$ cat work.pdb   # PDB, C-alpha atoms and all ligand atoms
ATOM      1  CA  MET A   1       8.075  11.156  10.892
ATOM      2  CA  SER A   2      10.630   8.637   9.532
ATOM      3  CA  SER A   3      11.118   8.351   5.764
ATOM      4  CA  ARG A   4       9.635   4.840   5.960
ATOM      5  CA  ASP A   5       6.486   6.200   7.567
ATOM      6  CA  GLN A   6       6.364   8.902   4.930
ATOM      7  CA  ARG A   7       6.610   6.304   2.156
ATOM      8  CA  HIS A   8       3.804   4.273   3.714
ATOM      9  CA  ARG A   9       1.671   7.350   4.092
ATOM     10  CA  GLN A  10       2.268   8.345   0.483
ATOM     11  CA  ALA A  11       1.520   4.828  -0.757
ATOM     12  CA  ARG A  12      -1.736   4.859   1.191
ATOM     13  CA  ALA A  13      -2.675   8.264  -0.220
ATOM     14  CA  LEU A  14      -1.951   6.982  -3.743
ATOM     15  CA  ALA A  15      -3.995   3.814  -3.222
ATOM     16  CA  GLU A  16      -6.910   5.942  -1.995
ATOM     17  CA  ALA A  17      -6.491   8.323  -4.954
ATOM     18  CA  ALA A  18      -6.481   5.387  -7.397
ATOM     19  CA  ALA A  19      -9.629   3.893  -5.840
ATOM     20  CA  ALA A  20     -11.374   7.273  -5.864
ATOM     21  CA  TYR A  21     -10.395   7.874  -9.508
ATOM     22  CA  GLN A  22     -11.780   4.473 -10.449
ATOM     23  CA  ALA A  23     -15.034   5.167  -8.611
ATOM     24  CA  ALA A  24     -15.450   8.598 -10.186
ATOM     25  CA  ALA A  25     -14.138   8.160 -13.730
ATOM     26  CA  VAL A  26     -13.907   4.476 -14.621
ATOM     27  CA  ILE A  27     -16.761   2.514 -13.048
ATOM     28  CA  PRO A  28     -19.492   4.869 -14.355
ATOM     29  CA  HIS A  29     -18.171   4.228 -17.880
ATOM     30  CA  CYS A  30     -18.303   0.421 -17.615
ATOM     31  CA  ALA A  31     -22.003   0.330 -18.556
ATOM     32  CA  VAL A  32     -21.263   1.901 -21.953
ATOM     33  CA  CYS A  33     -17.746   0.574 -22.541
ATOM     34  CA  THR A  34     -17.126  -0.530 -26.135
ATOM     35  CA  LYS A  35     -14.367  -2.992 -25.150
ATOM     36  CA  PRO A  36     -15.247  -4.447 -21.735
ATOM     37  CA  CYS A  37     -12.228  -5.913 -19.966
ATOM     38  CA  CYS A  38     -14.427  -8.769 -18.657
ATOM     39  CA  ARG A  39     -14.428 -10.272 -22.153
ATOM     40  CA  LEU A  40     -10.787 -11.102 -21.357
ATOM     41  CA  ASP A  41      -9.475 -10.039 -24.712
ATOM     42  CA  PRO A  42      -6.789  -8.784 -24.684
ATOM     43  CA  LEU A  43      -6.722  -8.956 -20.883
ATOM     44  CA  VAL A  44      -5.660 -12.028 -18.942
ATOM     45  CA  LEU A  45      -7.428 -12.866 -15.664
ATOM     46  CA  GLU A  46      -5.315 -14.376 -12.875
ATOM     47  CA  LEU A  47      -7.164 -16.710 -10.525
ATOM     48  CA  ASP A  48      -6.456 -19.028  -7.642
ATOM     49  CA  TRP A  49      -8.106 -22.459  -7.513
ATOM     50  CA  VAL A  50     -11.032 -21.346  -5.323
ATOM     51  CA  GLN A  51     -11.857 -18.493  -7.692
ATOM     52  CA  LEU A  52     -11.510 -20.673 -10.798
ATOM     53  CA  LYS A  53     -13.643 -23.432  -9.274
ATOM     54  CA  GLY A  54     -16.348 -20.959  -8.252
ATOM     55  CA  LEU A  55     -16.434 -18.827 -11.385
ATOM     56  CA  TRP A  56     -16.187 -21.717 -13.858
ATOM     57  CA  GLN A  57     -18.420 -23.919 -11.670
ATOM     58  CA  ILE A  58     -15.986 -26.819 -11.646
ATOM     59  CA  ASP A  59     -17.303 -29.736  -9.608
ATOM     60  CA  GLU A  60     -14.342 -32.096  -9.743
ATOM     61  CA  PRO A  61     -11.287 -32.131  -7.418
ATOM     62  CA  ARG A  62      -8.386 -29.884  -8.344
ATOM     63  CA  ARG A  63      -6.088 -32.773  -9.191
ATOM     64  CA  ALA A  64      -8.585 -34.239 -11.653
ATOM     65  CA  PHE A  65      -9.147 -30.827 -13.234
ATOM     66  CA  ASP A  66      -5.379 -30.242 -13.576
ATOM     67  CA  ARG A  67      -4.963 -33.633 -15.237
ATOM     68  CA  ARG A  68      -7.759 -32.847 -17.664
ATOM     69  CA  LEU A  69      -6.295 -29.415 -18.390
ATOM     70  CA  CYS A  70      -2.849 -30.896 -18.925
ATOM     71  CA  ALA A  71      -4.294 -33.441 -21.355
ATOM     72  CA  GLY A  72      -5.880 -30.619 -23.395
ATOM     73  CA  ARG A  73      -9.425 -31.454 -22.296
ATOM     74  CA  GLY A  74      -9.963 -28.471 -19.994
ATOM     75  CA  PRO A  75     -11.586 -25.145 -20.874
ATOM     76  CA  GLU A  76      -9.523 -23.844 -23.788
ATOM     77  CA  GLU A  77      -9.341 -20.348 -22.275
ATOM     78  CA  ILE A  78      -7.578 -21.571 -19.092
ATOM     79  CA  ARG A  79      -3.842 -22.054 -18.617
ATOM     80  CA  ALA A  80      -2.123 -23.172 -15.396
ATOM     81  CA  ALA A  81       1.239 -21.880 -14.157
ATOM     82  CA  ASP A  82       2.997 -21.572 -10.801
ATOM     83  CA  GLY A  83      -0.009 -22.788  -8.830
ATOM     84  CA  LEU A  84      -2.348 -20.244 -10.430
ATOM     85  CA  TYR A  85      -4.705 -20.202 -13.393
ATOM     86  CA  PHE A  86      -4.942 -17.680 -16.202
ATOM     87  CA  ALA A  87      -8.037 -17.096 -18.310
ATOM     88  CA  HIS A  88      -7.852 -15.385 -21.674
ATOM     89  CA  GLY A  89      -9.723 -15.134 -24.941
ATOM     90  CA  LYS A  90     -13.243 -15.901 -23.750
ATOM     91  CA  VAL A  91     -15.779 -13.851 -21.781
ATOM     92  CA  CYS A  92     -15.513 -14.314 -18.009
ATOM     93  CA  PRO A  93     -18.446 -16.510 -16.900
ATOM     94  CA  ALA A  94     -19.312 -13.966 -14.202
ATOM     95  CA  TYR A  95     -19.805 -11.189 -16.743
ATOM     96  CA  ASP A  96     -23.378 -10.147 -17.409
ATOM     97  CA  GLU A  97     -23.301  -9.016 -21.045
ATOM     98  CA  VAL A  98     -26.811  -7.591 -20.865
ATOM     99  CA  GLY A  99     -26.368  -5.587 -17.696
ATOM    100  CA  HIS A 100     -22.651  -4.883 -18.404
ATOM    101  CA  SER A 101     -21.846  -5.859 -14.845
ATOM    102  CA  CYS A 102     -20.012  -8.396 -12.711
ATOM    103  CA  ARG A 103     -22.185 -11.033 -11.035
ATOM    104  CA  VAL A 104     -19.658 -11.531  -8.214
ATOM    105  CA  TYR A 105     -19.104  -7.846  -7.480
ATOM    106  CA  GLY A 106     -18.126  -7.371  -3.845
ATOM    107  CA  GLN A 107     -17.636 -11.111  -3.293
ATOM    108  CA  ASP A 108     -14.445 -13.029  -2.424
ATOM    109  CA  LEU A 109     -14.722 -14.868  -5.735
ATOM    110  CA  LYS A 110     -13.862 -11.698  -7.602
ATOM    111  CA  PRO A 111     -10.107 -11.814  -8.335
ATOM    112  CA  SER A 112      -8.097  -8.896  -6.944
ATOM    113  CA  GLY A 113      -6.814  -8.083 -10.446
ATOM    114  CA  CYS A 114     -10.373  -7.144 -11.426
ATOM    115  CA  SER A 115     -10.545  -4.520  -8.689
ATOM    116  CA  ASP A 116      -7.063  -3.210  -9.446
ATOM    117  CA  PHE A 117      -7.687  -2.762 -13.157
ATOM    118  CA  PRO A 118      -7.138  -0.229 -14.686
ATOM    119  CA  VAL A 119      -5.564   2.068 -12.055
ATOM    120  CA  TYR A 120      -3.818   0.852  -8.912
ATOM    121  CA  GLU A 121      -1.019   1.613  -6.472
ATOM    122  CA  ASP A 122       2.101  -0.510  -6.657
ATOM    123  CA  GLY A 123       5.349   0.050  -4.775
ATOM    124  CA  GLY A 124       4.665   3.714  -4.062
ATOM    125  CA  ALA A 125       3.617   4.585  -7.627
ATOM    126  CA  ILE A 126       0.387   4.381  -9.578
ATOM    127  CA  ILE A 127       0.085   2.070 -12.552
ATOM    128  CA  ALA A 128      -2.422   3.050 -15.228
ATOM    129  CA  ASP A 129      -3.498   0.539 -17.866
ATOM    130  CA  LEU A 130      -4.488   2.449 -20.986
ATOM    131  CA  ARG A 131      -6.262  -0.565 -22.465
ATOM    132  CA  CYS A 132      -9.250   0.725 -20.503
ATOM    133  CA  GLU A 133     -10.873   3.389 -22.675
ATOM    134  CA  ALA A 134     -12.102   5.272 -19.594
ATOM    135  CA  VAL A 135      -8.602   6.153 -18.394
ATOM    136  CA  ASP A 136      -7.604   9.718 -19.189
ATOM    137  CA  LEU A 137      -3.939  10.056 -18.253
ATOM    138  CA  GLU A 138      -3.998  13.837 -17.993
ATOM    139  CA  ALA A 139      -7.051  13.798 -15.736
ATOM    140  CA  LEU A 140      -5.522  11.032 -13.620
ATOM    141  CA  VAL A 141      -2.292  13.002 -13.123
ATOM    142  CA  ALA A 142      -4.324  16.061 -12.106
ATOM    143  CA  TRP A 143      -6.292  13.836  -9.720
ATOM    144  CA  MET A 144      -3.072  12.554  -8.114
ATOM    145  CA  VAL A 145      -1.640  16.046  -7.719
ATOM    146  CA  ARG A 146      -4.841  17.174  -6.017
ATOM    147  CA  ALA A 147      -4.777  14.145  -3.705
ATOM    148  CA  LEU A 148      -1.140  14.665  -2.684
ATOM    149  CA  GLY A 149      -1.357  18.394  -2.169
ATOM    150  CA  PRO A 150       1.104  21.087  -3.265
ATOM    151  CA  GLY A 151       4.818  20.361  -3.584
ATOM    152  CA  TYR A 152       4.630  17.299  -5.828
ATOM    153  CA  ARG A 153       4.809  16.518  -9.521
ATOM    154  CA  ILE A 154       4.124  13.282 -11.389
ATOM    155  CA  VAL A 155       6.569  11.583 -13.762
ATOM    156  CA  GLN A 156       5.028   9.321 -16.429
ATOM    157  CA  THR A 157       6.944   6.298 -17.723
ATOM    158  CA  PRO A 158       5.401   3.866 -20.227
ATOM    159  CA  ASP A 159       6.552   0.267 -19.848
ATOM    160  CA  GLU A 160       9.117  -0.580 -22.547
ATOM    161  CA  ALA A 161       7.564  -3.907 -23.505
ATOM    162  CA  PHE A 162       3.909  -2.981 -22.834
ATOM    163  CA  PRO A 163       3.595   0.775 -23.439
ATOM    164  CA  PHE A 164      -0.113   0.754 -22.522
ATOM    165  CA  LEU A 165       1.066   0.291 -18.917
ATOM    166  CA  VAL A 166       2.181   3.650 -17.592
ATOM    167  CA  THR A 167       3.907   4.139 -14.233
ATOM    168  CA  LEU A 168       3.125   7.439 -12.525
ATOM    169  CA  GLU A 169       5.781   8.272  -9.948
ATOM    170  CA  VAL A 170       5.637  11.042  -7.404
ATOM    171  CA  ARG A 171       8.486  13.554  -7.188
ATOM    172  CA  ARG A 172       8.901  16.504  -4.881
ATOM    173  CA  VAL A 173       8.990  19.843  -6.671
ATOM    174  CA  ALA A 174      12.410  21.462  -6.180
ATOM    175  CA  ARG A 175      12.170  24.712  -4.197
TER     176      ARG A 175
HETATM  177  S1  LIG A 201     -12.226  -1.630 -19.890
HETATM  178 FE1  LIG A 201     -12.481  -0.016 -18.328
HETATM  179  S2  LIG A 201     -14.420   1.002 -18.795
HETATM  180 FE2  LIG A 201     -14.364  -0.920 -19.927
HETATM  181  S3  LIG A 201     -15.452  -2.364 -18.610
HETATM  182 FE3  LIG A 201     -13.267  -2.540 -18.113
HETATM  183  S4  LIG A 201     -12.905  -1.105 -16.417
HETATM  184 FE4  LIG A 201     -14.898  -0.600 -17.336
HETATM  185  S1  LIG A 202     -14.899 -11.608 -12.089
HETATM  186 FE1  LIG A 202     -16.254  -9.918 -12.555
HETATM  187  S2  LIG A 202     -14.928  -8.116 -12.803
HETATM  188 FE2  LIG A 202     -13.640  -9.967 -12.934
HETATM  189  S3  LIG A 202     -13.496 -10.423 -15.128
HETATM  190 FE3  LIG A 202     -15.190 -11.641 -14.285
HETATM  191  S4  LIG A 202     -17.009 -10.362 -14.605
HETATM  192 FE4  LIG A 202     -15.230  -9.042 -14.826
END
$ encode --input "work.pdb" --output "structure tokens" --more "lines below"
Ligand code: SF4
Ligand code: SF4
Amino acid sequence: MSSRDQRHRQARALAEAAAAYQAAAVIPHCAVCTKPCCRLDPLVLELDWVQLKGLWQIDEPRRAFDRRLCAGRGPEEIRAADGLYFAHGKVCPAYDEVGHSCRVYGQDLKPSGCSDFPVYEDGGAIIADLRCEAVDLEALVAWMVRALGPGYRIVQTPDEAFPFLVTLEVRRVAR
């Protein structure tokens, strides 16, 4: 197998491990979470126009909405940049505060960042966002090692600017 194939295979194994960790350790905690990420504080939600329009139930054309936003008459929690929209500081309209659940779960309207948070594969490593109280770094590392099989170790590197973001890289154990 070429090294490129090996990298792809490893990335796929990591993505599957991240999804399985989320399903086993994170999602069951969401119902009792004390700081739900869907309140968008401190998290920022990235959306495209279709998602923003659907979630915020905007019934005007995009150009009109952008003009309104630019003039300071749009939803105060929305900012626009580089063709995308960013929501922060107010509960996501799709969040059910009573049921502690997402009303667009499993639908296209749900932004991909919601599914990625707090543990996801990126560029052959796993990124863990410790702002989620359900993430246990030690347990996650053990989970990754189990998923990859023997012969690997995990190196943890917190982001310099945002130390709650930790990159978990896979290294082969020297023989
Ligand atoms: S912060 Fe973590 S545990 Fe809390 S609601 Fe979000 S994903 Fe679930
Ligand atoms: S779309 Fe759903 S998962 Fe994403 S922030 Fe809103 S309620 Fe939470």
$ resolve_selection --input "work.pdb" --expression "the PyMOL selection byres (((not hetatm)) within 6 of (chain A and resi 202))" --output "mmCIF file with C-alpha atoms, in the coordinates of the input"
data_model
loop_
_atom_site.group_PDB
_atom_site.id
_atom_site.type_symbol
_atom_site.label_atom_id
_atom_site.label_comp_id
_atom_site.auth_asym_id
_atom_site.auth_seq_id
_atom_site.Cartn_x
_atom_site.Cartn_y
_atom_site.Cartn_z
ATOM 1 C CA CYS A 38 -14.427 -8.769 -18.657
ATOM 2 C CA CYS A 92 -15.513 -14.314 -18.009
ATOM 3 C CA ALA A 94 -19.312 -13.966 -14.202
ATOM 4 C CA TYR A 95 -19.805 -11.189 -16.743
ATOM 5 C CA CYS A 102 -20.012 -8.396 -12.711
ATOM 6 C CA VAL A 104 -19.658 -11.531 -8.214
ATOM 7 C CA LYS A 110 -13.862 -11.698 -7.602
ATOM 8 C CA CYS A 114 -10.373 -7.144 -11.426
#
$ closest_atom_pairs --input "work.pdb" --of "chain A" --to "ligand LIG 201 (chain A)" --cutoff "6 Å" --atoms "only C-alpha atoms and all ligand atoms" --output "CSV"
residue,atom,partner,partner_atom,distance
A:Val26,CA,A:LIG201,S2,5.5
A:Ile27,CA,A:LIG201,FE4,5.6
A:His29,CA,A:LIG201,S2,5.0
A:Cys30,CA,A:LIG201,FE4,3.6
A:Cys33,CA,A:LIG201,FE2,4.5
A:Lys35,CA,A:LIG201,FE2,5.6
A:Pro36,CA,A:LIG201,S3,3.8
A:Cys37,CA,A:LIG201,FE3,4.0
A:Cys132,CA,A:LIG201,S1,3.8
A:Glu133,CA,A:LIG201,FE1,5.8
A:Ala134,CA,A:LIG201,S2,4.9
$ resolve_selection --input "work.pdb" --expression "the PyMOL selection byres (((chain A and resi 71-84) around 10) and not hetatm)" --output "list in words"
Leu40, Val44, Leu45, Glu46, Leu47, Asp48, Trp49, Leu52, Trp56, Phe65, Asp66, Arg67, Arg68, Leu69, Cys70, Tyr85, Phe86, Ala87, His88, Gly89, Lys90, Val91 and Cys92 of chain A
$ resolve_selection --input "work.pdb" --expression "the PyMOL selection byres (((chain A and resi 19) around 9) and not hetatm)" --output "PyMOL selection string"
chain A and resi 14-18+20-24+115-116+119-121
$ atom_distance --input "work.pdb" --atom1 "CA of Arg172 (chain A)" --atom2 "CA of Tyr152 (chain A)"
4.4 Å
$ residues_around --input "work.pdb" --residues "Arg153 (chain A)" --least-positions-apart "2" --cutoff "7 Å" --atoms "only C-alpha atoms" --output "PyMOL selection string"
chain A and resi 145+155+170-173
$ closest_residue --input "work.pdb" --among "A:Asp59, A:Asp136, A:Glu160, A:Glu97" --to "Arg39 (chain A)" --atoms "all atoms listed in the file"
A:Glu97
$ atom_distance --input "work.pdb" --atom1 "CA of Ala128 (chain A)" --atom2 "CA of Met144 (chain A)"
11.9 Å
$ closest_residue --input "work.pdb" --among "A:Gly151, A:Pro42, A:Pro111, A:Gly99" --to "Gly54 (chain A)" --atoms "only C-alpha atoms"
A:Pro111
$ residues_around --input "work.pdb" --residues "region 106-109 of chain A" --least-positions-apart "4" --cutoff "8 Å" --atoms "only C-alpha atoms" --output "number ranges by chain"
A: 50-51, 54-55
$ write_last_selection --input "work.pdb" --atoms "C-alpha atoms" --output "CSV table (one decimal), in the coordinates of the input"
chain,number,residue,atom,x,y,z
A,50,VAL,CA,-11.0,-21.3,-5.3
A,51,GLN,CA,-11.9,-18.5,-7.7
A,54,GLY,CA,-16.3,-21.0,-8.3
A,55,LEU,CA,-16.4,-18.8,-11.4
$ atom_distance --input "work.pdb" --atom1 "CA of Ile126 (chain A)" --atom2 "CA of Ala174 (chain A)"
21.2 Å
$ closest_residue --input "work.pdb" --among "A:Asp129, A:Ala13, A:Thr34, A:Gly124" --to "Asp159 (chain A)" --atoms "all atoms listed in the file"
A:Asp129
$ axis_aligned_box --input "work.pdb" --around "region 165-174 of chain A" --padding-each-side "6 Å" --output "AutoDock Vina command-line options"
--center_x 6.7 --center_y 10.9 --center_z -11.9 --size_x 23.3 --size_y 33.2 --size_z 26.0
$ decode --input "work.pdb" --residues "region 19-77 of chain A" --atoms "C-alpha atoms" --output "mmCIF file, in the first residue's frame"
data_model
loop_
_atom_site.group_PDB
_atom_site.id
_atom_site.type_symbol
_atom_site.label_atom_id
_atom_site.label_comp_id
_atom_site.auth_asym_id
_atom_site.auth_seq_id
_atom_site.Cartn_x
_atom_site.Cartn_y
_atom_site.Cartn_z
ATOM 1 C CA ALA A 19 -17.666 9.909 15.359
ATOM 2 C CA ALA A 20 -17.843 6.826 17.581
ATOM 3 C CA TYR A 21 -16.405 8.752 20.552
ATOM 4 C CA GLN A 22 -18.992 11.476 20.048
ATOM 5 C CA ALA A 23 -21.806 8.926 19.877
ATOM 6 C CA ALA A 24 -20.629 7.091 22.987
ATOM 7 C CA ALA A 25 -19.328 9.850 25.260
ATOM 8 C CA VAL A 26 -20.572 13.241 24.088
ATOM 9 C CA ILE A 27 -24.102 12.988 22.694
ATOM 10 C CA PRO A 28 -25.492 11.133 25.750
ATOM 11 C CA HIS A 29 -24.268 14.039 27.904
ATOM 12 C CA CYS A 30 -25.988 16.752 25.839
ATOM 13 C CA ALA A 31 -29.301 16.266 27.676
ATOM 14 C CA VAL A 32 -27.697 17.238 30.998
ATOM 15 C CA CYS A 33 -25.011 19.631 29.759
ATOM 16 C CA THR A 34 -24.608 22.722 31.950
ATOM 17 C CA LYS A 35 -23.210 24.852 29.095
ATOM 18 C CA PRO A 36 -24.894 23.739 25.858
ATOM 19 C CA CYS A 37 -22.913 24.736 22.780
ATOM 20 C CA CYS A 38 -26.197 25.511 20.961
ATOM 21 C CA ARG A 39 -26.532 28.666 23.062
ATOM 22 C CA LEU A 40 -23.641 29.921 20.904
ATOM 23 C CA ASP A 41 -21.734 31.426 23.768
ATOM 24 C CA PRO A 42 -18.781 31.249 23.558
ATOM 25 C CA LEU A 43 -19.108 29.216 20.358
ATOM 26 C CA VAL A 44 -19.580 30.759 16.933
ATOM 27 C CA LEU A 45 -21.802 28.991 14.382
ATOM 28 C CA GLU A 46 -20.744 29.167 10.724
ATOM 29 C CA LEU A 47 -23.582 29.049 8.210
ATOM 30 C CA ASP A 48 -24.141 29.372 4.500
ATOM 31 C CA TRP A 49 -27.069 31.426 3.189
ATOM 32 C CA VAL A 50 -29.441 28.452 2.840
ATOM 33 C CA GLN A 51 -28.810 27.392 6.434
ATOM 34 C CA LEU A 52 -29.141 30.943 7.777
ATOM 35 C CA LYS A 53 -32.344 31.540 5.810
ATOM 36 C CA GLY A 54 -33.855 28.265 7.020
ATOM 37 C CA LEU A 55 -32.789 28.412 10.655
ATOM 38 C CA TRP A 56 -33.558 32.111 11.160
ATOM 39 C CA GLN A 57 -36.676 31.872 8.960
ATOM 40 C CA ILE A 58 -35.674 34.792 6.767
ATOM 41 C CA ASP A 59 -38.246 35.457 4.058
ATOM 42 C CA GLU A 60 -36.529 38.212 2.105
ATOM 43 C CA PRO A 61 -33.969 37.808 -0.727
ATOM 44 C CA ARG A 62 -30.332 37.486 0.268
ATOM 45 C CA ARG A 63 -29.376 40.857 -1.169
ATOM 46 C CA ALA A 64 -32.042 42.650 0.861
ATOM 47 C CA PHE A 65 -31.006 40.789 4.011
ATOM 48 C CA ASP A 66 -27.321 41.656 3.444
ATOM 49 C CA ARG A 67 -28.211 45.321 2.989
ATOM 50 C CA ARG A 68 -30.217 45.287 6.198
ATOM 51 C CA LEU A 69 -27.408 43.519 8.049
ATOM 52 C CA CYS A 70 -24.855 45.977 6.712
ATOM 53 C CA ALA A 71 -27.017 48.888 7.863
ATOM 54 C CA GLY A 72 -27.115 47.436 11.403
ATOM 55 C CA ARG A 73 -30.766 46.391 11.163
ATOM 56 C CA GLY A 74 -30.208 42.634 10.929
ATOM 57 C CA PRO A 75 -30.227 40.120 13.786
ATOM 58 C CA GLU A 76 -27.577 41.414 16.182
ATOM 59 C CA GLU A 77 -26.088 37.931 16.629
#
